[in-house]
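> The structure follows.
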Amino acid sequence: MSIYALKGRFQDLLRPGVRGLYRAGVTANTVTVAAALVSLLVAAAVCWWAPAHPLLYLALPLWMLLRMALNAVDGMLAREFGQQSRLGAYLNELCDIVADAALYLSLLSVPGVDPTALWALTWMAAVCEYAGVLGLMVGASRRYDGPMGKSDRAFVVGVVGVLLALGWIDGAVVGWIAWAAAALCVLTGWRRVRQGLAETG
(Lines give C-alpha, C1' and ligand atoms only; values in the text may rest on other atoms or scores of the structure.)
Protein backbone atom coordinates (compact mmCIF):
# COMPACT_ATOMS: atom_id res chain seq x y z
CA MET A 1 0.00 0.00 0.00
CA SER A 2 1.10 3.55 -0.72
CA ILE A 3 -0.44 7.01 -0.71
CA TYR A 4 0.44 7.00 -4.41
CA ALA A 5 -2.66 4.83 -4.95
CA LEU A 6 -4.78 7.94 -4.31
CA LYS A 7 -3.15 9.81 -7.19
CA GLY A 8 -6.08 9.34 -9.59
CA ARG A 9 -8.58 10.99 -7.26
CA PHE A 10 -6.12 13.77 -6.47
CA GLN A 11 -5.67 14.46 -10.19
CA ASP A 12 -9.43 14.69 -10.71
CA LEU A 13 -9.57 17.50 -8.14
CA LEU A 14 -6.70 19.32 -9.83
CA ARG A 15 -7.82 18.94 -13.45
CA PRO A 16 -9.85 22.19 -13.73
CA GLY A 17 -6.89 24.18 -12.41
CA VAL A 18 -4.49 22.40 -14.76
CA ARG A 19 -6.64 23.41 -17.74
CA GLY A 20 -6.43 26.99 -16.54
CA LEU A 21 -2.64 26.81 -16.28
CA TYR A 22 -2.41 25.41 -19.79
CA ARG A 23 -4.55 28.23 -21.17
CA ALA A 24 -2.28 30.69 -19.35
CA GLY A 25 0.75 29.24 -21.13
CA VAL A 26 2.33 27.51 -18.13
CA THR A 27 4.46 24.51 -19.13
CA ALA A 28 5.12 21.26 -17.30
CA ASN A 29 8.87 21.96 -17.15
CA THR A 30 8.25 25.38 -15.60
CA VAL A 31 6.16 23.80 -12.84
CA THR A 32 8.81 21.12 -12.23
CA VAL A 33 11.69 23.55 -11.88
CA ALA A 34 9.67 26.04 -9.82
CA ALA A 35 8.67 23.32 -7.35
CA ALA A 36 12.31 22.30 -6.92
CA LEU A 37 13.48 25.87 -6.35
CA VAL A 38 10.78 26.59 -3.78
CA SER A 39 11.66 23.30 -2.06
CA LEU A 40 15.24 24.53 -1.65
CA LEU A 41 14.01 27.83 -0.20
CA VAL A 42 11.64 26.10 2.24
CA ALA A 43 14.38 23.69 3.30
CA ALA A 44 16.82 26.55 3.91
CA ALA A 45 14.26 28.50 5.95
CA VAL A 46 13.40 25.48 8.10
CA CYS A 47 17.05 24.58 8.66
CA TRP A 48 18.16 28.08 9.62
CA TRP A 49 15.21 29.52 11.50
CA ALA A 50 12.85 26.77 12.70
CA PRO A 51 14.95 25.68 15.73
CA ALA A 52 14.49 29.16 17.19
CA HIS A 53 10.94 29.57 15.86
CA PRO A 54 9.35 26.08 16.00
CA LEU A 55 6.12 27.12 14.28
CA LEU A 56 8.18 27.38 11.10
CA TYR A 57 8.28 23.57 11.07
CA LEU A 58 4.68 23.84 9.83
CA ALA A 59 6.17 24.96 6.52
CA LEU A 60 7.09 21.31 5.93
CA PRO A 61 3.57 19.80 5.89
CA LEU A 62 2.14 22.82 4.07
CA TRP A 63 4.79 22.73 1.37
CA MET A 64 4.77 18.92 1.11
CA LEU A 65 1.04 19.03 0.34
CA LEU A 66 1.41 21.81 -2.21
CA ARG A 67 4.43 20.12 -3.75
CA MET A 68 2.51 16.87 -4.21
CA ALA A 69 -0.13 18.90 -6.04
CA LEU A 70 2.53 20.51 -8.25
CA ASN A 71 4.07 17.10 -8.97
CA ALA A 72 0.67 15.93 -10.17
CA VAL A 73 0.14 19.14 -12.15
CA ASP A 74 3.39 18.90 -14.12
CA GLY A 75 2.62 15.29 -15.04
CA MET A 76 -0.91 16.17 -16.16
CA LEU A 77 0.32 19.10 -18.25
CA ALA A 78 2.86 16.80 -19.89
CA ARG A 79 0.54 13.87 -20.61
CA GLU A 80 -2.79 15.56 -21.26
CA PHE A 81 -1.60 18.63 -23.15
CA GLY A 82 1.19 17.22 -25.32
CA GLN A 83 4.10 18.67 -23.33
CA GLN A 84 6.04 15.44 -22.82
CA SER A 85 9.71 15.73 -23.70
CA ARG A 86 13.02 14.03 -23.05
CA LEU A 87 14.21 17.07 -21.11
CA GLY A 88 11.03 16.95 -19.04
CA ALA A 89 11.69 13.33 -18.13
CA TYR A 90 15.15 14.21 -16.83
CA LEU A 91 13.90 17.29 -14.97
CA ASN A 92 11.04 15.38 -13.37
CA GLU A 93 13.29 12.77 -11.80
CA LEU A 94 16.33 14.90 -10.98
CA CYS A 95 14.43 17.84 -9.51
CA ASP A 96 12.43 15.50 -7.29
CA ILE A 97 15.56 13.85 -5.88
CA VAL A 98 17.26 17.19 -5.21
CA ALA A 99 14.13 18.67 -3.61
CA ASP A 100 13.54 15.58 -1.47
CA ALA A 101 17.13 15.60 -0.24
CA ALA A 102 16.97 19.27 0.72
CA LEU A 103 13.69 18.89 2.61
CA TYR A 104 14.84 15.81 4.55
CA LEU A 105 18.18 17.38 5.40
CA SER A 106 16.49 20.58 6.59
CA LEU A 107 15.92 18.63 9.81
CA LEU A 108 19.67 18.40 10.48
CA SER A 109 19.37 21.54 12.59
CA VAL A 110 16.84 19.97 14.99
CA PRO A 111 18.64 19.89 18.36
CA GLY A 112 19.70 16.37 19.32
CA VAL A 113 18.87 14.75 15.97
CA ASP A 114 21.08 11.92 14.68
CA PRO A 115 22.52 13.27 11.41
CA THR A 116 23.38 9.77 10.24
CA ALA A 117 19.69 8.86 10.31
CA LEU A 118 18.73 11.78 8.09
CA TRP A 119 21.55 11.08 5.66
CA ALA A 120 20.52 7.41 5.57
CA LEU A 121 16.96 8.41 4.74
CA THR A 122 18.17 10.79 2.04
CA TRP A 123 20.40 8.19 0.38
CA MET A 124 17.90 5.35 0.63
CA ALA A 125 15.15 7.57 -0.77
CA ALA A 126 17.33 8.33 -3.79
CA VAL A 127 18.17 4.65 -4.25
CA CYS A 128 14.53 3.63 -4.06
CA GLU A 129 13.57 6.25 -6.70
CA TYR A 130 16.42 5.04 -8.90
CA ALA A 131 15.10 1.49 -8.55
CA GLY A 132 11.75 2.76 -9.81
CA VAL A 133 13.28 4.50 -12.82
CA LEU A 134 15.34 1.42 -13.72
CA GLY A 135 12.11 -0.35 -14.57
CA LEU A 136 12.09 1.59 -17.84
CA MET A 137 15.59 0.34 -18.66
CA VAL A 138 14.51 -3.31 -18.50
CA GLY A 139 11.30 -2.83 -20.48
CA ALA A 140 8.95 -2.46 -17.51
CA SER A 141 7.01 0.62 -16.41
CA ARG A 142 8.35 3.28 -14.06
CA ARG A 143 7.67 1.59 -10.73
CA TYR A 144 5.93 3.49 -7.91
CA ASP A 145 5.47 0.62 -5.44
CA GLY A 146 5.40 1.38 -1.70
CA PRO A 147 5.47 1.24 1.22
CA MET A 148 7.78 4.28 1.33
CA GLY A 149 7.47 6.02 -2.02
CA LYS A 150 7.77 9.75 -2.57
CA SER A 151 4.24 10.57 -1.40
CA ASP A 152 4.62 8.38 1.68
CA ARG A 153 7.89 10.08 2.61
CA ALA A 154 6.26 13.48 2.14
CA PHE A 155 3.52 12.43 4.55
CA VAL A 156 6.04 11.24 7.14
CA VAL A 157 8.13 14.42 6.96
CA GLY A 158 4.97 16.52 7.08
CA VAL A 159 3.83 14.76 10.25
CA VAL A 160 7.29 15.26 11.76
CA GLY A 161 7.00 18.97 10.99
CA VAL A 162 3.64 19.20 12.77
CA LEU A 163 4.92 17.31 15.82
CA LEU A 164 8.04 19.49 16.03
CA ALA A 165 5.96 22.65 15.75
CA LEU A 166 3.78 21.46 18.62
CA GLY A 167 6.81 20.49 20.69
CA TRP A 168 5.60 16.91 21.01
CA ILE A 169 8.81 15.25 19.81
CA ASP A 170 12.51 16.02 20.03
CA GLY A 171 15.55 15.36 17.87
CA ALA A 172 16.01 11.82 19.18
CA VAL A 173 12.52 10.84 18.03
CA VAL A 174 13.10 12.50 14.65
CA GLY A 175 16.19 10.32 14.27
CA TRP A 176 14.29 7.12 15.03
CA ILE A 177 11.56 8.08 12.56
CA ALA A 178 14.21 8.74 9.92
CA TRP A 179 15.82 5.34 10.55
CA ALA A 180 12.44 3.61 10.22
CA ALA A 181 11.66 5.47 7.00
CA ALA A 182 15.11 4.63 5.61
CA ALA A 183 14.53 0.93 6.36
CA LEU A 184 11.17 1.08 4.58
CA CYS A 185 12.91 2.76 1.62
CA VAL A 186 15.15 -0.29 1.37
CA LEU A 187 12.07 -2.51 1.31
CA THR A 188 10.47 -0.23 -1.27
CA GLY A 189 13.51 -0.39 -3.54
CA TRP A 190 13.54 -4.20 -3.30
CA ARG A 191 9.82 -4.36 -4.15
CA ARG A 192 10.28 -2.08 -7.15
CA VAL A 193 13.05 -4.25 -8.52
CA ARG A 194 11.04 -7.42 -7.92
CA GLN A 195 7.89 -6.00 -9.49
CA GLY A 196 9.81 -4.62 -12.46
CA LEU A 197 11.35 -8.02 -13.13
CA ALA A 198 7.98 -9.72 -12.74
CA GLU A 199 6.42 -7.25 -15.18
CA THR A 200 8.87 -8.22 -17.90
CA GLY A 201 8.34 -11.94 -17.31
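Residue numbering restarts at 1 in every chain; chains get A, B, ... in the order shown in the C-alpha coordinates, and ligands count up from 1 in that same order.
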Among region 61-192 of chain A, which residues does DSSP mark as alpha helix (DSSP H) when it is run on the backbone? Keep the chain and numbering as in the structure and answer as a PyMOL selection string.
chain A and resi 61-80+86-105+115-137+150-166+171-192
> Dump as CSV the rows for residues of region 26-63 of chain A within 10 Å of region 144-157 of chain A: closest atom pair and distance in Å with one decimal, only C-alpha atoms counted, ordered by chain and rising residue number.

```
residue,atom,partner,partner_atom,distance
A:Leu60,CA,A:Val157,CA,7.0
A:Pro61,CA,A:Val157,CA,7.1
A:Trp63,CA,A:Ala154,CA,9.4
```
> Just to be explicit: take each residue in the selection above, keep N, CA, C and O atoms, and write the result as a PDB file, in the first residue's frame.

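Written output follows (again_34.pdb):
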```
ATOM      1  N   LEU A  60       6.860  22.621   6.548  1.00  0.00           N
ATOM      2  CA  LEU A  60       7.090  21.311   5.934  1.00  0.00           C
ATOM      3  C   LEU A  60       5.795  20.637   5.493  1.00  0.00           C
ATOM      4  O   LEU A  60       5.665  20.285   4.312  1.00  0.00           O
ATOM      5  N   PRO A  61       4.799  20.441   6.372  1.00  0.00           N
ATOM      6  CA  PRO A  61       3.569  19.804   5.891  1.00  0.00           C
ATOM      7  C   PRO A  61       2.831  20.650   4.852  1.00  0.00           C
ATOM      8  O   PRO A  61       2.285  20.105   3.881  1.00  0.00           O
ATOM      9  N   TRP A  63       4.118  22.792   2.659  1.00  0.00           N
ATOM     10  CA  TRP A  63       4.791  22.727   1.370  1.00  0.00           C
ATOM     11  C   TRP A  63       4.736  21.318   0.788  1.00  0.00           C
ATOM     12  O   TRP A  63       4.597  21.146  -0.429  1.00  0.00           O
TER      13      TRP A  63
END
```
> Using only C-alpha atoms, which of the listed residues (A:Ala125, A:Gly158, A:Gly201, A:Trp168) sits closest to Gly189 (chain A)?
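Result for the nearest residue to Gly189 (chain A): A:Ala125.
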> Arg23 (chain A): which residues within 12 Å, counting only C-alpha atoms, same-chain residues fewer than 5 positions away excluded, as a PyMOL selection string?
chain A and resi 16-18+77+81
> Write out, as a CSV table (one decimal), in the first residue's frame, the residues just selected, with N, CA and C atoms.

```
chain,number,residue,atom,x,y,z
A,16,PRO,N,-9.4,20.9,-13.3
A,16,PRO,CA,-9.9,22.2,-13.7
A,16,PRO,C,-8.8,23.3,-13.6
A,17,GLY,N,-8.0,23.2,-12.6
A,17,GLY,CA,-6.9,24.2,-12.4
A,17,GLY,C,-5.8,24.0,-13.4
A,18,VAL,N,-5.5,22.7,-13.8
A,18,VAL,CA,-4.5,22.4,-14.8
A,18,VAL,C,-4.9,22.9,-16.1
A,77,LEU,N,0.0,18.2,-17.1
A,77,LEU,CA,0.3,19.1,-18.3
A,77,LEU,C,1.1,18.4,-19.3
A,81,PHE,N,-1.7,17.5,-22.3
A,81,PHE,CA,-1.6,18.6,-23.2
A,81,PHE,C,-0.4,18.6,-24.1
```
> Between A:Leu66, A:Ala43, A:Val127, A:Leu91, which is the closest to Leu187 (chain A) once you count only C-alpha atoms?
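Checking each of A:Leu66, A:Ala43, A:Val127, A:Leu91 against Leu187 (chain A), counting only C-alpha atoms, the winner is A:Val127.
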> Counting only C-alpha atoms, which residue out of A:Ala172, A:Leu37, A:Val162, A:Val138 sits closest to Gln195 (chain A)?
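Looking only at the distances to Gln195 (chain A), the closest residue turns out to be A:Val138.
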> I'd like the contact shell of Ser39 (chain A) - 10 Å cut-off, only C-alpha atoms, skipping same-chain residues fewer than 6 positions apart - returned as a PyMOL selection string.
chain A and resi 33+45+60+63-64+67+95-96+98-103
> Please determine, counting only C-alpha atoms, which residue among A:Met68, A:Ala28, A:Ala34, A:Leu56 has the shortest atom-to-atom distance to Leu87 (chain A).
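Of A:Met68, A:Ala28, A:Ala34, A:Leu56, the one nearest Leu87 (chain A) is A:Ala28, counting only C-alpha atoms.
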> Leaving out Ala140 (chain A) and any residue of its chain fewer than 5 positions from it, which residues lie within 9 Å of it when counting only C-alpha atoms, given as a list of chain:residue names?
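Final neighbour list, sorted by chain and number: A:Leu134, A:Gly135, A:Gln195, A:Gly196, A:Leu197, A:Ala198, A:Glu199, A:Thr200.
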